[in-house]
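**Q** Coordinates in query.txt, compact mmCIF, C-alpha atoms, are listed below.
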# COMPACT_ATOMS: atom_id res chain seq x y z
CA MET H 1023 -3.14 -10.34 34.94
CA ALA H 1024 -5.79 -8.02 33.44
CA ASN H 1025 -3.16 -5.93 31.68
CA PHE H 1026 -1.57 -9.08 30.26
CA HIS H 1027 -4.98 -10.09 28.93
CA VAL H 1028 -5.38 -6.78 27.08
CA TYR H 1029 -1.89 -6.39 25.72
CA ALA H 1030 -0.60 -9.88 25.14
CA ALA H 1031 -2.43 -13.13 25.46
CA GLY H 1032 -6.18 -12.69 25.36
CA THR H 1033 -7.86 -15.32 27.48
CA GLY H 1034 -4.85 -17.62 27.73
CA SER H 1035 -1.68 -17.56 29.77
CA ASN H 1036 0.73 -17.60 26.80
CA VAL H 1037 1.03 -15.39 23.74
CA GLU H 1038 -0.72 -16.99 20.77
CA HIS H 1039 0.96 -17.00 17.35
CA PRO H 1040 -1.65 -17.78 14.65
CA ALA H 1041 -0.27 -19.55 11.59
CA ILE H 1042 0.17 -17.40 8.45
CA ARG H 1043 -0.79 -18.58 4.97
CA ARG H 1044 1.04 -17.67 1.78
CA ILE H 1045 -1.24 -15.84 -0.65
CA GLY H 1046 -0.92 -14.37 -4.13
CA VAL H 1047 -2.16 -11.37 -6.06
CA ALA H 1048 -5.23 -13.35 -7.15
CA ASP H 1049 -6.19 -13.81 -3.49
CA VAL H 1050 -6.05 -10.05 -2.89
CA LEU H 1051 -8.30 -9.40 -5.88
CA ASP H 1052 -10.69 -12.16 -4.76
CA ALA H 1053 -10.90 -10.62 -1.28
CA LEU H 1054 -11.79 -7.31 -2.93
CA ARG H 1055 -14.50 -9.01 -5.00
CA ARG H 1056 -15.94 -10.72 -1.94
CA GLY H 1057 -15.91 -7.41 -0.09
CA PHE H 1058 -17.92 -5.81 -2.87
CA ASP H 1059 -20.38 -8.72 -2.72
CA ASP H 1060 -20.86 -8.10 1.01
CA PHE H 1061 -21.46 -4.42 0.34
CA TRP H 1062 -23.87 -5.10 -2.52
CA ASP H 1063 -25.95 -7.43 -0.33
CA LYS H 1064 -27.42 -4.37 1.47
CA PRO H 1065 -25.67 -1.28 0.09
CA SER H 1066 -28.12 1.30 1.42
CA HIS H 1067 -27.59 0.05 4.99
CA TYR H 1068 -23.83 0.31 4.78
CA VAL H 1069 -23.85 3.69 3.06
CA PHE H 1070 -26.02 4.99 5.91
CA LEU H 1071 -23.68 3.44 8.46
CA CYS H 1072 -20.57 5.00 6.89
CA LEU H 1073 -21.93 8.47 6.17
CA ILE H 1074 -20.42 9.60 9.47
CA TYR H 1075 -16.95 9.13 7.97
CA PRO H 1076 -17.24 11.75 5.19
CA VAL H 1077 -19.39 14.02 7.38
CA VAL H 1078 -16.69 14.15 10.08
CA GLY H 1079 -14.10 14.69 7.36
CA VAL H 1080 -15.95 17.68 5.91
CA LEU H 1081 -16.37 19.17 9.40
CA LEU H 1082 -12.65 18.82 10.10
CA ILE H 1083 -11.73 20.36 6.75
CA THR H 1084 -14.11 23.25 7.42
CA TRP H 1085 -12.52 23.73 10.82
CA THR H 1086 -8.98 23.77 9.41
CA SER H 1087 -10.05 26.25 6.72
CA GLY H 1088 -11.55 28.62 9.25
CA GLY H 1089 -8.68 28.18 11.68
CA ASN H 1090 -5.93 29.32 9.29
CA ALA H 1091 -4.69 25.75 8.87
CA LEU H 1092 -5.19 25.31 5.13
CA GLN H 1093 -1.82 23.57 4.91
CA LEU H 1094 -3.26 20.67 6.95
CA ILE H 1095 -6.22 19.87 4.69
CA TYR H 1096 -4.30 17.44 2.47
CA PRO H 1097 -2.53 15.70 5.40
CA MET H 1098 -5.87 15.38 7.18
CA VAL H 1099 -7.64 13.84 4.18
CA THR H 1100 -4.82 11.40 3.43
CA GLY H 1101 -4.37 10.66 7.13
CA PHE H 1102 -7.87 9.19 7.26
CA ALA H 1103 -6.31 6.04 5.79
CA LEU H 1104 -4.48 5.55 9.09
CA LEU H 1105 -7.77 5.40 11.00
CA GLY H 1106 -9.56 3.22 8.45
CA PRO H 1107 -8.84 -0.19 10.08
CA PHE H 1108 -10.43 0.96 13.35
CA ALA H 1109 -13.29 2.85 11.66
CA ALA H 1110 -14.28 -0.32 9.82
CA ILE H 1111 -14.51 -2.56 12.89
CA GLY H 1112 -18.30 -2.81 12.63
CA LEU H 1113 -18.03 -3.88 8.99
CA TYR H 1114 -15.84 -6.82 9.94
CA GLU H 1115 -18.65 -7.96 12.23
CA ILE H 1116 -21.18 -7.73 9.37
CA SER H 1117 -18.92 -9.86 7.13
CA ARG H 1118 -18.39 -12.34 9.96
CA ARG H 1119 -22.13 -12.72 10.42
CA ARG H 1120 -22.77 -13.05 6.69
CA GLU H 1121 -20.11 -15.75 6.56
CA LYS H 1122 -22.08 -17.70 9.17
CA ASN H 1123 -25.44 -17.05 7.44
CA LEU H 1124 -26.63 -14.89 10.34
CA ASP H 1125 -28.73 -11.73 10.16
CA THR H 1126 -26.65 -8.88 8.67
CA SER H 1127 -28.74 -5.84 9.56
CA TRP H 1128 -26.55 -2.77 10.00
CA THR H 1129 -27.44 -2.56 13.70
CA HIS H 1130 -25.27 -5.63 14.29
CA ALA H 1131 -22.22 -3.50 13.47
CA PHE H 1132 -22.55 -1.99 16.95
CA GLU H 1133 -22.42 -5.39 18.67
CA VAL H 1134 -18.62 -5.29 18.58
CA ARG H 1135 -18.78 -3.29 21.81
CA GLN H 1136 -19.80 -6.56 23.50
CA SER H 1137 -16.72 -8.39 22.23
CA PRO H 1138 -14.43 -9.73 25.00
CA ALA H 1139 -11.52 -8.30 22.96
CA MET H 1140 -12.90 -4.75 23.13
CA PRO H 1141 -10.16 -3.53 25.54
CA ALA H 1142 -7.45 -4.75 23.14
CA ILE H 1143 -9.34 -3.26 20.17
CA ALA H 1144 -9.49 0.07 22.02
CA VAL H 1145 -5.74 -0.06 22.67
CA LEU H 1146 -5.04 -0.49 18.94
CA GLY H 1147 -7.54 2.27 18.15
CA ILE H 1148 -5.65 4.64 20.46
CA MET H 1149 -2.40 3.58 18.78
CA LEU H 1150 -3.79 4.51 15.35
CA MET H 1151 -5.10 7.83 16.66
CA ALA H 1152 -1.63 8.60 18.05
CA LEU H 1153 -0.15 7.71 14.65
CA PHE H 1154 -2.65 10.05 12.97
CA VAL H 1155 -1.74 12.91 15.30
CA ALA H 1156 1.97 12.24 14.77
CA TRP H 1157 1.41 12.41 11.00
CA LEU H 1158 -0.34 15.78 11.29
CA LEU H 1159 2.45 17.14 13.51
CA SER H 1160 5.06 15.89 11.04
CA ALA H 1161 3.21 17.49 8.12
CA HIS H 1162 2.99 20.79 10.00
CA ALA H 1163 6.69 20.64 10.92
CA LEU H 1164 7.61 20.05 7.26
CA TYR H 1165 5.47 23.02 6.19
CA SER H 1166 7.08 25.24 8.84
CA TRP H 1167 10.57 24.18 7.71
CA LEU H 1168 9.81 25.19 4.11
CA TYR H 1169 7.47 28.16 4.62
CA GLY H 1170 8.36 29.45 8.06
CA ASP H 1171 5.61 31.06 10.13
CA THR H 1172 3.75 32.33 7.06
CA LEU H 1173 0.29 30.78 6.84
CA PRO H 1174 -1.59 30.41 3.55
CA ALA H 1175 -3.87 33.37 2.88
CA THR H 1176 -6.21 31.53 0.52
CA PHE H 1177 -6.61 27.93 -0.55
CA THR H 1178 -6.22 28.81 -4.24
CA GLY H 1179 -3.05 30.81 -3.61
CA PHE H 1180 -1.58 27.98 -1.52
CA VAL H 1181 -2.30 25.36 -4.20
CA ASN H 1182 -0.77 27.61 -6.85
CA ASP H 1183 2.39 28.09 -4.76
CA VAL H 1184 2.71 24.37 -4.10
CA LEU H 1185 2.40 23.46 -7.79
CA THR H 1186 4.58 26.20 -9.27
CA THR H 1187 7.52 26.70 -6.88
CA SER H 1188 10.51 24.58 -5.90
CA ARG H 1189 9.61 24.67 -2.20
CA GLY H 1190 6.09 23.58 -3.13
CA TRP H 1191 7.37 20.53 -5.00
CA THR H 1192 9.72 19.79 -2.12
CA LEU H 1193 6.66 19.83 0.14
CA ILE H 1194 4.84 17.45 -2.20
CA VAL H 1195 7.71 14.97 -2.55
CA LEU H 1196 8.85 14.91 1.09
CA GLY H 1197 5.30 15.08 2.42
CA ASN H 1198 4.16 12.07 0.42
CA LEU H 1199 7.32 10.16 1.32
CA ILE H 1200 6.76 10.78 5.04
CA GLY H 1201 3.07 9.90 4.62
CA PHE H 1202 4.06 6.64 2.92
CA LEU H 1203 6.20 5.69 5.91
CA PHE H 1204 3.30 6.37 8.30
CA ALA H 1205 0.96 4.33 6.09
CA LEU H 1206 3.49 1.48 6.00
CA VAL H 1207 3.62 1.41 9.80
CA ALA H 1208 -0.19 1.33 9.99
CA LEU H 1209 -0.40 -1.44 7.37
CA SER H 1210 2.30 -3.53 9.02
CA THR H 1211 0.74 -3.36 12.47
CA THR H 1212 -2.99 -3.58 11.74
CA VAL H 1213 -3.58 -5.27 8.37
CA VAL H 1214 -5.25 -8.24 10.10
CA ALA H 1215 -5.13 -7.09 13.74
CA PHE H 1216 -8.71 -5.84 14.14
CA PRO H 1217 -10.45 -8.75 12.33
CA LEU H 1218 -8.24 -11.17 14.26
CA LEU H 1219 -9.22 -9.65 17.61
CA LEU H 1220 -12.87 -9.76 16.62
CA ASP H 1221 -12.53 -13.42 15.68
CA ARG H 1222 -10.17 -14.56 18.44
CA ASP H 1223 -9.43 -12.70 21.68
CA ILE H 1224 -5.64 -13.08 21.62
CA GLY H 1225 -4.55 -9.66 22.89
CA ALA H 1226 -3.22 -6.51 21.23
CA TYR H 1227 0.43 -7.55 21.17
CA ALA H 1228 -0.28 -10.87 19.46
CA ALA H 1229 -2.59 -9.18 16.93
CA VAL H 1230 0.08 -6.61 15.97
CA GLU H 1231 2.77 -9.29 15.82
CA THR H 1232 0.57 -11.44 13.57
CA SER H 1233 -0.02 -8.52 11.21
CA ALA H 1234 3.73 -7.94 10.95
CA ARG H 1235 4.35 -11.61 10.18
CA ALA H 1236 1.61 -11.58 7.53
CA ILE H 1237 3.34 -8.64 5.81
CA MET H 1238 6.76 -10.31 5.91
CA ALA H 1239 5.39 -13.60 4.59
CA ASN H 1240 3.46 -11.94 1.74
CA PRO H 1241 5.28 -8.67 0.86
CA VAL H 1242 4.10 -8.30 -2.76
CA PRO H 1243 0.38 -9.11 -2.23
CA MET H 1244 0.24 -6.95 0.91
CA LEU H 1245 1.93 -3.97 -0.77
CA LEU H 1246 -0.59 -4.35 -3.58
CA TRP H 1247 -3.37 -4.29 -0.98
CA GLY H 1248 -1.89 -1.13 0.52
CA LEU H 1249 -1.84 0.54 -2.90
CA ILE H 1250 -5.45 -0.51 -3.55
CA VAL H 1251 -6.54 0.98 -0.22
CA ALA H 1252 -4.65 4.23 -0.84
CA ALA H 1253 -5.98 4.61 -4.40
CA ALA H 1254 -9.56 3.83 -3.35
CA LEU H 1255 -9.45 6.35 -0.51
CA VAL H 1256 -8.08 9.04 -2.83
CA VAL H 1257 -10.84 8.38 -5.38
CA GLY H 1258 -13.47 8.36 -2.63
CA SER H 1259 -12.14 11.63 -1.20
CA ILE H 1260 -12.29 13.61 -4.45
CA PRO H 1261 -16.02 14.48 -4.40
CA LEU H 1262 -15.94 16.18 -0.96
CA LEU H 1263 -15.29 12.81 0.74
CA VAL H 1264 -18.79 11.60 -0.19
CA GLY H 1265 -17.38 8.63 -2.10
CA LEU H 1266 -15.95 7.31 1.16
CA ALA H 1267 -19.47 6.21 2.13
CA ILE H 1268 -19.06 3.53 -0.55
CA VAL H 1269 -15.30 3.00 -0.55
CA LEU H 1270 -15.03 2.45 3.22
CA PRO H 1271 -17.55 -0.41 3.49
CA VAL H 1272 -16.12 -2.19 0.43
CA LEU H 1273 -12.59 -1.97 1.86
CA GLY H 1274 -13.80 -2.95 5.32
CA HIS H 1275 -15.55 -6.09 4.09
CA SER H 1276 -12.60 -6.91 1.84
CA THR H 1277 -10.24 -6.68 4.82
CA TRP H 1278 -12.24 -9.37 6.60
CA HIS H 1279 -11.93 -11.72 3.61
CA LEU H 1280 -8.22 -10.92 3.29
CA TYR H 1281 -7.85 -11.85 6.95
CA ARG H 1282 -9.55 -15.18 6.28
CA LYS H 1283 -7.11 -15.87 3.45
CA LEU H 1284 -4.03 -14.89 5.47
CA ILE H 1285 -4.66 -16.51 8.86
CA GLU H 1286 -5.19 -20.19 9.55
CA PRO H 1287 -8.37 -20.88 11.53
CA ALA H 1288 -8.02 -21.55 15.23
CA PRO H 1289 -7.57 -25.25 15.97
CA ALA H 1290 -10.67 -27.01 17.22
CA PRO H 1291 -10.66 -27.55 20.99
CA ALA H 1292 -9.69 -31.05 22.05
CA PRO H 1293 -12.65 -33.19 23.13
CA VAL H 1294 -13.06 -33.52 26.85
CA LYS H 1295 -12.54 -37.08 28.00
CA LYS H 1296 -15.00 -38.29 30.58
CA SER H 1297 -13.53 -40.40 33.34
CA ARG H 1298 -15.19 -43.72 33.97
CA LYS H 1299 -15.99 -44.71 37.52
CA ARG H 1300 -15.29 -48.30 38.53
CA ALA H 1301 -18.21 -50.28 39.77
CA THR H 1302 -17.75 -51.36 43.35
Here is the file; what I need is its structure written in the form of structure tokens.
**A**
Amino acid sequence: MANFHVYAAGTGSNVEHPAIRRIGVADVLDALRRGFDDFWDKPSHYVFLCLIYPVVGVLLITWTSGGNALQLIYPMVTGFALLGPFAAIGLYEISRRREKNLDTSWTHAFEVRQSPAMPAIAVLGIMLMALFVAWLLSAHALYSWLYGDTLPATFTGFVNDVLTTSRGWTLIVLGNLIGFLFALVALSTTVVAFPLLLDRDIGAYAAVETSARAIMANPVPMLLWGLIVAAALVVGSIPLLVGLAIVLPVLGHSTWHLYRKLIEPAPAPAPVKKSRKRAT
């Protein structure tokens, strides 16, 4: 029964199917505005909290550069978007607490580890990590198909080859197309999954299924949200990933508010009726 709890039904015996709301483009933009408001409430705290994201990114890029894997720098930077929903889990908790007028100190972001849904959250985190690794392997396979076993000698020479040769443009077009498909899978399976699990322990399967239904019910607004996330991450990545320390918290908080707009609240529990004893 423990496995069923993690993968399917949370604390209940049946899979829960939260009701999906229809939203519009204005709702997506309002969620983004609310996310920025959450960030602006205590920006220095959140920047400090999210500095680990660009720092890890720079370390990975340095490692790929020194390990003759220059061709993986771009896939690695863009692939961070796949891990974003899991990386922002603490930010959802901050937004949840601010919504309830509770203390929003950055230390509360680490309280998610006490959530009863943590096993299901970990399962989805592993799923996203596997998707990230699959994206890197796909990017490397595409490079090997076009360039063979020849590794880039220098970063400048590799960029010049990519931008000025037919095989380079084939790499750009096919690489971004494959990356788009990976991003679409991540968006479809996790757009509301992590905030939902934080709010209601319904199990990993139900959270993924709810995300998919939210996408199908609101294709245009959710594709717009995906484009906003992708564009923001690209802009944040340009200055050596430092901008991600601002972009990530804003997107994380916005995701919580988007979740609130997409998913109907859980129904209030029915009042318990007290039985009356007959006087004897």
**Q** Please measure the separation of atom CA of H:Ala1252 and atom CA of H:Ala1103, giving the value in Å to one decimal.
**A** 7.1 Å
**Q** Just the residues within 10 Å of H:Leu1159, please, counting only C-alpha atoms, with nothing from its chain fewer than 6 positions along; format it as JSON, numbers by chain.
**A** {"H": [1094, 1097, 1153, 1165]}
**Q** What lies within 7 Å of stretch 1186-1203 of chain H using all atoms listed in the file, ignoring chain neighbours under 4 positions off, as an MDAnalysis selection string?
**A** chainID H and resid 1161 1165 1168 1182 1207
**Q** Can you tell me how far atom CA of H:His1039 sits from atom CA of H:Glu1231, in Å to one decimal?
**A** 8.1 Å
**Q** With all atoms listed in the file as the basis for distance, which of H:Phe1132, H:Phe1180, H:Trp1247, H:Trp1278 is at the shortest distance from H:Asp1060?
**A** H:Trp1278
**Q** Which residue out of H:Leu1158, H:Met1244, H:Glu1115, H:Leu1124 has the minimum interatomic distance to H:Gln1136 when all atoms listed in the file are used?
**A**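 Checking each candidate against H:Gln1136, we get H:Glu1115 as the closest.
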**Q** Write out as a PDB file with C-alpha atoms, in the coordinates of the input which residues come within 7 Å of H:Val1269 when counting only C-alpha atoms, dropping same-chain ones fewer than 6 positions away.
**A**
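File written: selection07.pdb
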ATOM      1  CA  ALA H1254      -9.560   3.830  -3.350  1.00  0.00           C
ATOM      2  CA  LEU H1255      -9.450   6.350  -0.510  1.00  0.00           C
ATOM      3  CA  GLY H1258     -13.470   8.360  -2.630  1.00  0.00           C
TER       4      GLY H1258
END
**Q** I'd like the interatomic distance between atom CA of H:Leu1266 and atom CA of H:Leu1105, to a tenth of an Å.
**A**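 Taking atom CA of H:Leu1266 and atom CA of H:Leu1105, their separation equals 12.9 Å.
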**Q** Which residues, written as a list in words, have at least one atom at most 9 Å from H:Phe1177, with only C-alpha atoms counted and residues fewer than 4 positions away on the same chain left out?
**A**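 So the residues in contact are Ser1087, Leu1092, Gln1093, Val1181 and Asn1182 of chain H.
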**Q** Here is a test: counting all atoms listed in the file, which residue of H:Ala1152, H:Leu1185, H:Leu1051, H:Leu1273 is nearest to H:Val1251?
**A** H:Leu1273
**Q** Assuming the input is short of atoms at stretch 1223-1249 of chain H, produce N, CA and C atoms for that part as a compact mmCIF listing (two decimals), keeping the file's coordinate frame.
**A**
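Produced file result-v9.txt, reproduced below:
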# COMPACT_ATOMS: atom_id res chain seq x y z
N ASP H 1223 -9.93 -13.64 20.66
CA ASP H 1223 -9.43 -12.70 21.68
C ASP H 1223 -8.03 -13.12 22.10
N ILE H 1224 -7.01 -12.64 21.34
CA ILE H 1224 -5.64 -13.08 21.62
C ILE H 1224 -4.76 -11.96 22.18
N GLY H 1225 -5.32 -10.76 22.33
CA GLY H 1225 -4.55 -9.66 22.89
C GLY H 1225 -3.94 -8.77 21.82
N ALA H 1226 -3.71 -7.51 22.18
CA ALA H 1226 -3.22 -6.51 21.23
C ALA H 1226 -1.83 -6.84 20.71
N TYR H 1227 -0.95 -7.26 21.60
CA TYR H 1227 0.43 -7.55 21.17
C TYR H 1227 0.45 -8.66 20.13
N ALA H 1228 -0.27 -9.74 20.39
CA ALA H 1228 -0.28 -10.87 19.46
C ALA H 1228 -0.91 -10.48 18.13
N ALA H 1229 -1.93 -9.60 18.16
CA ALA H 1229 -2.59 -9.18 16.93
C ALA H 1229 -1.64 -8.34 16.06
N VAL H 1230 -0.89 -7.43 16.70
CA VAL H 1230 0.08 -6.61 15.97
C VAL H 1230 1.21 -7.49 15.42
N GLU H 1231 1.68 -8.40 16.24
CA GLU H 1231 2.77 -9.29 15.82
C GLU H 1231 2.34 -10.17 14.65
N THR H 1232 1.09 -10.62 14.67
CA THR H 1232 0.57 -11.44 13.57
C THR H 1232 0.47 -10.63 12.29
N SER H 1233 0.04 -9.38 12.39
CA SER H 1233 -0.02 -8.52 11.21
C SER H 1233 1.37 -8.34 10.60
N ALA H 1234 2.37 -8.12 11.44
CA ALA H 1234 3.73 -7.94 10.95
C ALA H 1234 4.22 -9.20 10.25
N ARG H 1235 3.93 -10.37 10.81
CA ARG H 1235 4.35 -11.61 10.18
C ARG H 1235 3.63 -11.84 8.86
N ALA H 1236 2.36 -11.44 8.78
CA ALA H 1236 1.61 -11.58 7.53
C ALA H 1236 2.23 -10.73 6.43
N ILE H 1237 2.68 -9.52 6.78
CA ILE H 1237 3.34 -8.64 5.81
C ILE H 1237 4.65 -9.26 5.33
N MET H 1238 5.45 -9.75 6.27
CA MET H 1238 6.76 -10.31 5.91
C MET H 1238 6.63 -11.59 5.09
N ALA H 1239 5.58 -12.36 5.34
CA ALA H 1239 5.39 -13.60 4.59
C ALA H 1239 4.81 -13.37 3.20
N ASN H 1240 4.13 -12.22 3.02
CA ASN H 1240 3.46 -11.94 1.74
C ASN H 1240 3.72 -10.49 1.32
N PRO H 1241 4.98 -10.08 1.10
CA PRO H 1241 5.28 -8.67 0.86
C PRO H 1241 4.61 -8.10 -0.40
N VAL H 1242 4.65 -8.83 -1.50
CA VAL H 1242 4.10 -8.30 -2.76
C VAL H 1242 2.57 -8.18 -2.70
N PRO H 1243 1.85 -9.25 -2.32
CA PRO H 1243 0.38 -9.11 -2.23
C PRO H 1243 -0.05 -8.04 -1.23
N MET H 1244 0.66 -7.91 -0.10
CA MET H 1244 0.24 -6.95 0.91
C MET H 1244 0.56 -5.51 0.49
N LEU H 1245 1.66 -5.30 -0.23
CA LEU H 1245 1.93 -3.97 -0.77
C LEU H 1245 0.89 -3.60 -1.82
N LEU H 1246 0.48 -4.59 -2.61
CA LEU H 1246 -0.59 -4.35 -3.58
C LEU H 1246 -1.87 -3.95 -2.86
N TRP H 1247 -2.17 -4.63 -1.76
CA TRP H 1247 -3.37 -4.29 -0.98
C TRP H 1247 -3.27 -2.86 -0.44
N GLY H 1248 -2.08 -2.49 0.04
CA GLY H 1248 -1.89 -1.13 0.52
C GLY H 1248 -2.11 -0.09 -0.57
N LEU H 1249 -1.64 -0.37 -1.78
CA LEU H 1249 -1.84 0.54 -2.90
C LEU H 1249 -3.31 0.64 -3.29
